[in-house]
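**Q** Have a peek at model_7.cif (mmCIF, C-alpha atoms; chains and numbers go by the auth columns).
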```cif
data_protein
loop_
_atom_site.group_PDB
_atom_site.id
_atom_site.type_symbol
_atom_site.label_atom_id
_atom_site.label_comp_id
_atom_site.label_asym_id
_atom_site.label_seq_id
_atom_site.Cartn_x
_atom_site.Cartn_y
_atom_site.Cartn_z
_atom_site.B_iso_or_equiv
_atom_site.auth_seq_id
_atom_site.auth_asym_id
ATOM 1 C CA MET A 1 -26.078 1.344 13.822 0.00 1 A
ATOM 2 C CA LYS A 2 -26.198 -1.333 11.137 0.00 2 A
ATOM 3 C CA LYS A 3 -22.792 -2.721 10.105 0.00 3 A
ATOM 4 C CA SER A 4 -21.737 -3.900 6.665 0.00 4 A
ATOM 5 C CA LEU A 5 -18.528 -3.985 4.662 0.00 5 A
ATOM 6 C CA PRO A 6 -17.858 -2.557 1.194 0.00 6 A
ATOM 7 C CA LYS A 7 -18.272 -4.970 -1.702 0.00 7 A
ATOM 8 C CA SER A 8 -15.940 -5.528 -4.625 0.00 8 A
ATOM 9 C CA ASP A 9 -18.833 -5.015 -7.045 0.00 9 A
ATOM 10 C CA GLY A 10 -19.639 -1.336 -7.160 0.00 10 A
ATOM 11 C CA SER A 11 -16.190 -0.268 -5.963 0.00 11 A
ATOM 12 C CA SER A 12 -13.960 1.602 -8.417 0.00 12 A
ATOM 13 C CA PHE A 13 -10.213 1.183 -8.865 0.00 13 A
ATOM 14 C CA LEU A 14 -7.811 3.487 -10.666 0.00 14 A
ATOM 15 C CA LEU A 15 -4.112 4.144 -11.083 0.00 15 A
ATOM 16 C CA CYS A 16 -2.882 7.730 -11.127 0.00 16 A
ATOM 17 C CA GLU A 17 0.115 9.887 -10.281 0.00 17 A
ATOM 18 C CA ASP A 18 -1.451 11.740 -7.352 0.00 18 A
ATOM 19 C CA VAL A 19 -4.627 12.420 -5.399 0.00 19 A
ATOM 20 C CA ARG A 20 -5.058 15.647 -3.470 0.00 20 A
ATOM 21 C CA GLU A 21 -7.769 16.636 -1.047 0.00 21 A
ATOM 22 C CA GLU A 22 -9.285 20.003 -1.866 0.00 22 A
ATOM 23 C CA VAL A 23 -11.717 22.258 -0.021 0.00 23 A
ATOM 24 C CA ASN A 24 -15.381 21.248 0.186 0.00 24 A
ATOM 25 C CA ASN A 25 -14.518 17.513 0.315 0.00 25 A
ATOM 26 C CA LYS A 26 -13.365 17.400 -3.315 0.00 26 A
ATOM 27 C CA LEU A 27 -10.504 15.358 -4.730 0.00 27 A
ATOM 28 C CA SER A 28 -8.119 16.310 -7.512 0.00 28 A
ATOM 29 C CA ILE A 29 -6.923 13.206 -9.311 0.00 29 A
ATOM 30 C CA ILE A 30 -3.778 13.839 -11.353 0.00 30 A
ATOM 31 C CA GLY A 31 -2.330 11.760 -14.205 0.00 31 A
ATOM 32 C CA VAL A 32 -4.881 8.949 -14.484 0.00 32 A
ATOM 33 C CA PHE A 33 -3.732 5.851 -16.371 0.00 33 A
ATOM 34 C CA PRO A 34 -6.539 4.865 -18.782 0.00 34 A
ATOM 35 C CA ASN A 35 -6.558 1.164 -17.880 0.00 35 A
ATOM 36 C CA ASP A 36 -4.913 -1.309 -15.520 0.00 36 A
ATOM 37 C CA GLU A 37 -1.662 -1.276 -17.508 0.00 37 A
ATOM 38 C CA ILE A 38 1.412 0.878 -17.117 0.00 38 A
ATOM 39 C CA VAL A 39 3.828 0.914 -20.034 0.00 39 A
ATOM 40 C CA LEU A 40 7.353 1.913 -19.072 0.00 40 A
ATOM 41 C CA GLN A 41 9.176 3.840 -21.781 0.00 41 A
ATOM 42 C CA LYS A 42 12.906 4.420 -22.039 0.00 42 A
ATOM 43 C CA ASP A 43 13.988 7.797 -20.594 0.00 43 A
ATOM 44 C CA ILE A 44 10.467 8.622 -19.353 0.00 44 A
ATOM 45 C CA LEU A 45 10.103 8.568 -15.585 0.00 45 A
ATOM 46 C CA ILE A 46 6.835 8.001 -13.755 0.00 46 A
ATOM 47 C CA PRO A 47 7.359 10.319 -10.775 0.00 47 A
ATOM 48 C CA SER A 48 4.722 8.826 -8.536 0.00 48 A
ATOM 49 C CA LEU A 49 2.055 6.150 -8.632 0.00 49 A
ATOM 50 C CA MET A 50 -1.043 5.811 -6.502 0.00 50 A
ATOM 51 C CA ALA A 51 -3.415 2.878 -6.464 0.00 51 A
ATOM 52 C CA VAL A 52 -6.842 4.155 -5.444 0.00 52 A
ATOM 53 C CA LEU A 53 -10.029 2.334 -4.462 0.00 53 A
ATOM 54 C CA PHE A 54 -13.356 4.069 -4.027 0.00 54 A
ATOM 55 C CA ALA A 55 -15.101 1.492 -1.838 0.00 55 A
ATOM 56 C CA ARG A 56 -18.886 1.539 -1.794 0.00 56 A
ATOM 57 C CA GLY A 57 -21.522 -0.319 0.157 0.00 57 A
ATOM 58 C CA GLY A 58 -20.205 -0.289 3.706 0.00 58 A
ATOM 59 C CA GLU A 59 -21.682 1.089 6.900 0.00 59 A
ATOM 60 C CA GLY A 60 -20.352 1.267 10.443 0.00 60 A
ATOM 61 C CA SER A 61 -16.963 0.984 12.088 0.00 61 A
ATOM 62 C CA CYS A 62 -14.248 -1.305 10.690 0.00 62 A
ATOM 63 C CA GLU A 63 -10.480 -1.731 10.487 0.00 63 A
ATOM 64 C CA THR A 64 -8.780 -1.089 7.152 0.00 64 A
ATOM 65 C CA ARG A 65 -5.344 -1.886 5.795 0.00 65 A
ATOM 66 C CA ILE A 66 -3.676 -2.250 2.402 0.00 66 A
ATOM 67 C CA SER A 67 -1.287 -4.934 1.142 0.00 67 A
ATOM 68 C CA PHE A 68 0.761 -4.449 -2.052 0.00 68 A
ATOM 69 C CA THR A 69 2.498 -7.432 -3.685 0.00 69 A
ATOM 70 C CA ASP A 70 5.082 -7.260 -6.482 0.00 70 A
ATOM 71 C CA PRO A 71 5.397 -9.637 -9.477 0.00 71 A
ATOM 72 C CA LYS A 72 7.750 -11.893 -7.472 0.00 72 A
ATOM 73 C CA GLY A 73 5.009 -12.451 -4.883 0.00 73 A
ATOM 74 C CA GLN A 74 6.744 -10.376 -2.213 0.00 74 A
ATOM 75 C CA THR A 75 4.638 -8.042 -0.084 0.00 75 A
ATOM 76 C CA VAL A 76 6.394 -4.698 -0.505 0.00 76 A
ATOM 77 C CA ILE A 77 3.856 -2.520 1.305 0.00 77 A
ATOM 78 C CA GLU A 78 1.739 -3.497 4.306 0.00 78 A
ATOM 79 C CA SER A 79 -0.022 -0.524 5.818 0.00 79 A
ATOM 80 C CA PRO A 80 -0.875 -0.419 9.518 0.00 80 A
ATOM 81 C CA LYS A 81 -4.496 -1.008 10.460 0.00 81 A
ATOM 82 C CA GLN A 82 -6.703 2.051 10.807 0.00 82 A
ATOM 83 C CA ARG A 83 -10.149 2.240 12.314 0.00 83 A
ATOM 84 C CA VAL A 84 -12.631 4.081 10.096 0.00 84 A
ATOM 85 C CA VAL A 85 -16.369 4.698 10.151 0.00 85 A
ATOM 86 C CA LEU A 86 -18.095 3.973 6.857 0.00 86 A
ATOM 87 C CA GLU A 87 -21.208 5.993 6.115 0.00 87 A
ATOM 88 C CA LYS A 88 -24.222 4.622 4.265 0.00 88 A
ATOM 89 C CA ASN A 89 -24.465 5.782 0.624 0.00 89 A
ATOM 90 C CA LYS A 90 -20.973 7.338 0.701 0.00 90 A
ATOM 91 C CA SER A 91 -17.693 6.184 -0.836 0.00 91 A
ATOM 92 C CA TYR A 92 -14.603 5.496 1.208 0.00 92 A
ATOM 93 C CA LEU A 93 -11.282 6.389 -0.430 0.00 93 A
ATOM 94 C CA ALA A 94 -8.428 3.945 0.168 0.00 94 A
ATOM 95 C CA ALA A 95 -5.097 4.740 -1.502 0.00 95 A
ATOM 96 C CA VAL A 96 -1.484 3.635 -1.430 0.00 96 A
ATOM 97 C CA ARG A 97 1.530 5.462 -2.891 0.00 97 A
ATOM 98 C CA VAL A 98 4.025 3.259 -4.709 0.00 98 A
ATOM 99 C CA LEU A 99 7.662 4.127 -5.437 0.00 99 A
ATOM 100 C CA ALA A 100 7.191 4.252 -9.198 0.00 100 A
ATOM 101 C CA PRO A 101 10.868 4.403 -10.214 0.00 101 A
ATOM 102 C CA HIS A 102 11.270 0.949 -8.653 0.00 102 A
ATOM 103 C CA LEU A 103 8.499 -0.727 -10.678 0.00 103 A
ATOM 104 C CA MET A 104 9.494 -3.928 -12.456 0.00 104 A
ATOM 105 C CA VAL A 105 7.752 -5.639 -15.329 0.00 105 A
ATOM 106 C CA GLY A 106 4.975 -7.996 -14.272 0.00 106 A
ATOM 107 C CA GLN A 107 1.666 -8.149 -12.444 0.00 107 A
ATOM 108 C CA TYR A 108 1.119 -6.370 -9.126 0.00 108 A
ATOM 109 C CA THR A 109 -1.654 -7.201 -6.681 0.00 109 A
ATOM 110 C CA ILE A 110 -3.251 -4.813 -4.223 0.00 110 A
ATOM 111 C CA LYS A 111 -5.583 -5.949 -1.468 0.00 111 A
ATOM 112 C CA PHE A 112 -7.700 -3.380 0.326 0.00 112 A
ATOM 113 C CA PHE A 113 -8.883 -5.022 3.562 0.00 113 A
ATOM 114 C CA PHE A 114 -12.012 -4.119 5.507 0.00 114 A
ATOM 115 C CA ASN A 115 -12.070 -6.146 8.769 0.00 115 A
ATOM 116 C CA ASP A 116 -9.774 -8.674 7.028 0.00 116 A
ATOM 117 C CA ALA A 117 -12.217 -9.098 4.094 0.00 117 A
ATOM 118 C CA PRO A 118 -10.214 -8.191 0.955 0.00 118 A
ATOM 119 C CA ILE A 119 -11.170 -6.291 -2.153 0.00 119 A
ATOM 120 C CA GLN A 120 -8.440 -7.319 -4.573 0.00 120 A
ATOM 121 C CA ARG A 121 -7.268 -5.519 -7.701 0.00 121 A
ATOM 122 C CA SER A 122 -4.246 -5.956 -9.939 0.00 122 A
ATOM 123 C CA PHE A 123 -2.370 -4.097 -12.628 0.00 123 A
ATOM 124 C CA GLU A 124 0.345 -4.954 -15.113 0.00 124 A
ATOM 125 C CA VAL A 125 3.610 -3.167 -15.820 0.00 125 A
ATOM 126 C CA LYS A 126 5.031 -3.619 -19.322 0.00 126 A
ATOM 127 C CA THR A 127 7.800 -2.153 -21.445 0.00 127 A
ATOM 128 C CA THR A 128 7.624 -0.829 -24.990 0.00 128 A
#
```
Step by step, read the file and then write its structure as structure tokens.
**A**
Amino acid sequence: MKKSLPKSDGSSFLLCEDVREEVNNKLSIIGVFPNDEIVLQKDILIPSLMAVLFARGGEGSCETRISFTDPKGQTVIESPKQRVVLEKNKSYLAAVRVLAPHLMVGQYTIKFFFNDAPIQRSFEVKTT
């Protein structure tokens, strides 16, 4: 089997409140934020936040992990490595749940690793 890793170009990133797996290999994506900004408003709580990457372009077996860094540069989430098999012409869903009530203002960075090759995305948290 040919081996290749997903590429940053062609992969899609989104922020939402939840992703659920449904029957027939479908996903329900709940509460999508329209861009890579989250605006915190007084007395309005964001119950949950998921950073989602639909990685495209890979084929074969690889190890994946996710690293999530806060605006202070501290890694607050480091997922354990998982071995996955990427299939040609199919997307691979990588997601991390963030404790939304603990978000602070600033820029967050998420790295989705495939055999230690990162696909990096970021988003900004602001206040009104």
**Q** Take the PyMOL selection byres ((chain A and resi 44) around 12), apply it to the structure above, and return the hits as a PDB file with C-alpha atoms, in the coordinates of the input.
**A**
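Result file result-v5.pdb:
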```
ATOM      1  CA  VAL A  39       3.828   0.914 -20.034  1.00  0.00           C
ATOM      2  CA  LEU A  40       7.353   1.913 -19.072  1.00  0.00           C
ATOM      3  CA  GLN A  41       9.176   3.840 -21.781  1.00  0.00           C
ATOM      4  CA  LYS A  42      12.906   4.420 -22.039  1.00  0.00           C
ATOM      5  CA  ASP A  43      13.988   7.797 -20.594  1.00  0.00           C
ATOM      6  CA  LEU A  45      10.103   8.568 -15.585  1.00  0.00           C
ATOM      7  CA  ILE A  46       6.835   8.001 -13.755  1.00  0.00           C
ATOM      8  CA  PRO A  47       7.359  10.319 -10.775  1.00  0.00           C
ATOM      9  CA  ALA A 100       7.191   4.252  -9.198  1.00  0.00           C
ATOM     10  CA  PRO A 101      10.868   4.403 -10.214  1.00  0.00           C
ATOM     11  CA  THR A 127       7.800  -2.153 -21.445  1.00  0.00           C
ATOM     12  CA  THR A 128       7.624  -0.829 -24.990  1.00  0.00           C
TER      13      THR A 128
END
```
**Q** With distances taken over only C-alpha atoms, which residue among A:Ser79, A:Ser48, A:Thr64, A:Gln74 lies nearest Gly31 (chain A)?
**A** A:Ser48
**Q** Using only C-alpha atoms, which of A:Ser4, A:Thr75, A:Thr69, A:Ser61 sits nearest Phe123 (chain A)?
**A**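 Of the candidates, the smallest distance to Phe123 (chain A) is held by A:Thr69.
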**Q** Residues within 9 Å of region 81-89 of chain A, please, as a PyMOL selection string. Count all atoms listed in the file; anything in the same chain fewer than 4 positions from it doesn't count.
**A** chain A and resi 3-6+56-66
**Q** Rank nothing, just name the residue among A:Val125, A:Ile119, A:Val19, A:Leu93 nearest to Gly106 (chain A), using only C-alpha atoms.
**A**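 Among A:Val125, A:Ile119, A:Val19, A:Leu93, it is A:Val125 that comes nearest to Gly106 (chain A).
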**Q** Mind checking which residues fall within 12 Å of Lys111 (chain A), counting all atoms listed in the file, ignoring those fewer than 4 positions away in the same chain, and posting them as a PyMOL selection string?
**A** chain A and resi 8+13+51-53+64-70+75+77-79+94-96+116-123
**Q** Where does the PyMOL selection byres ((chain A and resi 30) around 6) land in this file, that is, which residues does it pick, as number ranges by chain?
**A** A: 17-18, 29, 31-32
**Q** Can you work out which one of A:Pro34, A:Glu21, A:Lys7, A:Leu99 has the shortest atom-to-atom distance to Phe113 (chain A), counting only C-alpha atoms?
**A** A:Lys7
**Q** Can you tell me how far CA of Ser12 (chain A) sits from CA of Met104 (chain A), in Å to one decimal?
**A** 24.4 Å
**Q** Separation of CA of Tyr108 (chain A) and CA of Pro80 (chain A), in Å?
**A** 19.7 Å
**Q** So the first atom is CA of Val76 (chain A) and the second is CA of Val98 (chain A); what is the distance between them in Å, to one decimal place?
**A**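 These atoms are spaced 9.3 Å apart.
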**Q** Could you give me region 98-109 of chain A completed to all heavy atoms, formatted as a PDB file, keeping the file's coordinate frame?
**A**
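Result file is rebuild-v8.pdb:
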```pdb
ATOM      1  N   VAL A  98       3.012   4.239  -4.343  1.00  0.00           N
ATOM      2  CA  VAL A  98       4.025   3.259  -4.709  1.00  0.00           C
ATOM      3  C   VAL A  98       5.247   4.010  -5.229  1.00  0.00           C
ATOM      4  O   VAL A  98       5.110   5.017  -5.913  1.00  0.00           O
ATOM      5  CB  VAL A  98       3.470   2.326  -5.817  1.00  0.00           C
ATOM      6  CG1 VAL A  98       4.506   1.320  -6.248  1.00  0.00           C
ATOM      7  CG2 VAL A  98       2.205   1.643  -5.336  1.00  0.00           C
ATOM      8  N   LEU A  99       6.435   3.512  -4.918  1.00  0.00           N
ATOM      9  CA  LEU A  99       7.662   4.127  -5.437  1.00  0.00           C
ATOM     10  C   LEU A  99       7.809   3.735  -6.902  1.00  0.00           C
ATOM     11  O   LEU A  99       8.373   2.693  -7.233  1.00  0.00           O
ATOM     12  CB  LEU A  99       8.869   3.694  -4.628  1.00  0.00           C
ATOM     13  CG  LEU A  99       8.878   4.165  -3.171  1.00  0.00           C
ATOM     14  CD1 LEU A  99      10.051   3.567  -2.421  1.00  0.00           C
ATOM     15  CD2 LEU A  99       8.935   5.685  -3.111  1.00  0.00           C
ATOM     16  N   ALA A 100       7.263   4.564  -7.771  1.00  0.00           N
ATOM     17  CA  ALA A 100       7.191   4.252  -9.198  1.00  0.00           C
ATOM     18  C   ALA A 100       8.533   3.980  -9.862  1.00  0.00           C
ATOM     19  O   ALA A 100       8.619   3.099 -10.713  1.00  0.00           O
ATOM     20  CB  ALA A 100       6.439   5.361  -9.926  1.00  0.00           C
ATOM     21  N   PRO A 101       9.598   4.708  -9.532  1.00  0.00           N
ATOM     22  CA  PRO A 101      10.868   4.403 -10.214  1.00  0.00           C
ATOM     23  C   PRO A 101      11.366   2.987  -9.971  1.00  0.00           C
ATOM     24  O   PRO A 101      12.215   2.490 -10.696  1.00  0.00           O
ATOM     25  CB  PRO A 101      11.842   5.432  -9.614  1.00  0.00           C
ATOM     26  CG  PRO A 101      10.977   6.550  -9.166  1.00  0.00           C
ATOM     27  CD  PRO A 101       9.704   5.894  -8.693  1.00  0.00           C
ATOM     28  N   HIS A 102      10.829   2.306  -8.975  1.00  0.00           N
ATOM     29  CA  HIS A 102      11.270   0.949  -8.653  1.00  0.00           C
ATOM     30  C   HIS A 102      10.346  -0.124  -9.224  1.00  0.00           C
ATOM     31  O   HIS A 102      10.498  -1.299  -8.894  1.00  0.00           O
ATOM     32  CB  HIS A 102      11.382   0.778  -7.134  1.00  0.00           C
ATOM     33  CG  HIS A 102      12.352   1.743  -6.521  1.00  0.00           C
ATOM     34  ND1 HIS A 102      13.718   1.631  -6.688  1.00  0.00           N
ATOM     35  CD2 HIS A 102      12.156   2.854  -5.782  1.00  0.00           C
ATOM     36  CE1 HIS A 102      14.320   2.631  -6.056  1.00  0.00           C
ATOM     37  NE2 HIS A 102      13.392   3.382  -5.500  1.00  0.00           N
ATOM     38  N   LEU A 103       9.406   0.258 -10.088  1.00  0.00           N
ATOM     39  CA  LEU A 103       8.499  -0.727 -10.678  1.00  0.00           C
ATOM     40  C   LEU A 103       9.272  -1.667 -11.598  1.00  0.00           C
ATOM     41  O   LEU A 103      10.153  -1.256 -12.342  1.00  0.00           O
ATOM     42  CB  LEU A 103       7.403  -0.035 -11.483  1.00  0.00           C
ATOM     43  CG  LEU A 103       6.338   0.729 -10.695  1.00  0.00           C
ATOM     44  CD1 LEU A 103       5.403   1.438 -11.661  1.00  0.00           C
ATOM     45  CD2 LEU A 103       5.562  -0.201  -9.785  1.00  0.00           C
ATOM     46  N   MET A 104       8.914  -2.948 -11.539  1.00  0.00           N
ATOM     47  CA  MET A 104       9.494  -3.928 -12.456  1.00  0.00           C
ATOM     48  C   MET A 104       8.365  -4.479 -13.324  1.00  0.00           C
ATOM     49  O   MET A 104       7.186  -4.341 -12.989  1.00  0.00           O
ATOM     50  CB  MET A 104      10.186  -5.050 -11.678  1.00  0.00           C
ATOM     51  CG  MET A 104       9.247  -5.904 -10.859  1.00  0.00           C
ATOM     52  SD  MET A 104      10.075  -7.223  -9.965  1.00  0.00           S
ATOM     53  CE  MET A 104      10.514  -6.388  -8.457  1.00  0.00           C
ATOM     54  N   VAL A 105       8.735  -5.067 -14.421  1.00  0.00           N
ATOM     55  CA  VAL A 105       7.752  -5.639 -15.329  1.00  0.00           C
ATOM     56  C   VAL A 105       7.058  -6.814 -14.651  1.00  0.00           C
ATOM     57  O   VAL A 105       7.693  -7.608 -13.959  1.00  0.00           O
ATOM     58  CB  VAL A 105       8.439  -6.079 -16.645  1.00  0.00           C
ATOM     59  CG1 VAL A 105       7.486  -6.858 -17.525  1.00  0.00           C
ATOM     60  CG2 VAL A 105       8.990  -4.862 -17.377  1.00  0.00           C
ATOM     61  N   GLY A 106       5.744  -6.895 -14.827  1.00  0.00           N
ATOM     62  CA  GLY A 106       4.975  -7.996 -14.272  1.00  0.00           C
ATOM     63  C   GLY A 106       3.669  -7.522 -13.669  1.00  0.00           C
ATOM     64  O   GLY A 106       3.304  -6.350 -13.776  1.00  0.00           O
ATOM     65  N   GLN A 107       2.977  -8.441 -13.027  1.00  0.00           N
ATOM     66  CA  GLN A 107       1.666  -8.149 -12.444  1.00  0.00           C
ATOM     67  C   GLN A 107       1.773  -7.876 -10.952  1.00  0.00           C
ATOM     68  O   GLN A 107       2.370  -8.655 -10.217  1.00  0.00           O
ATOM     69  CB  GLN A 107       0.706  -9.303 -12.679  1.00  0.00           C
ATOM     70  CG  GLN A 107      -0.686  -8.984 -12.151  1.00  0.00           C
ATOM     71  CD  GLN A 107      -1.764  -9.734 -12.886  1.00  0.00           C
ATOM     72  OE1 GLN A 107      -1.572 -10.153 -14.020  1.00  0.00           O
ATOM     73  NE2 GLN A 107      -2.889  -9.907 -12.257  1.00  0.00           N
ATOM     74  N   TYR A 108       1.176  -6.782 -10.530  1.00  0.00           N
ATOM     75  CA  TYR A 108       1.119  -6.370  -9.126  1.00  0.00           C
ATOM     76  C   TYR A 108      -0.281  -6.630  -8.595  1.00  0.00           C
ATOM     77  O   TYR A 108      -1.259  -6.512  -9.330  1.00  0.00           O
ATOM     78  CB  TYR A 108       1.444  -4.884  -8.984  1.00  0.00           C
ATOM     79  CG  TYR A 108       2.893  -4.554  -9.230  1.00  0.00           C
ATOM     80  CD1 TYR A 108       3.388  -4.430 -10.528  1.00  0.00           C
ATOM     81  CD2 TYR A 108       3.779  -4.379  -8.175  1.00  0.00           C
ATOM     82  CE1 TYR A 108       4.725  -4.137 -10.763  1.00  0.00           C
ATOM     83  CE2 TYR A 108       5.116  -4.078  -8.399  1.00  0.00           C
ATOM     84  CZ  TYR A 108       5.574  -3.961  -9.700  1.00  0.00           C
ATOM     85  OH  TYR A 108       6.888  -3.675  -9.920  1.00  0.00           O
ATOM     86  N   THR A 109      -0.369  -6.956  -7.326  1.00  0.00           N
ATOM     87  CA  THR A 109      -1.654  -7.201  -6.681  1.00  0.00           C
ATOM     88  C   THR A 109      -1.788  -6.292  -5.473  1.00  0.00           C
ATOM     89  O   THR A 109      -0.854  -6.158  -4.685  1.00  0.00           O
ATOM     90  CB  THR A 109      -1.771  -8.673  -6.225  1.00  0.00           C
ATOM     91  OG1 THR A 109      -1.597  -9.511  -7.365  1.00  0.00           O
ATOM     92  CG2 THR A 109      -3.122  -8.940  -5.583  1.00  0.00           C
TER      93      THR A 109
END
```
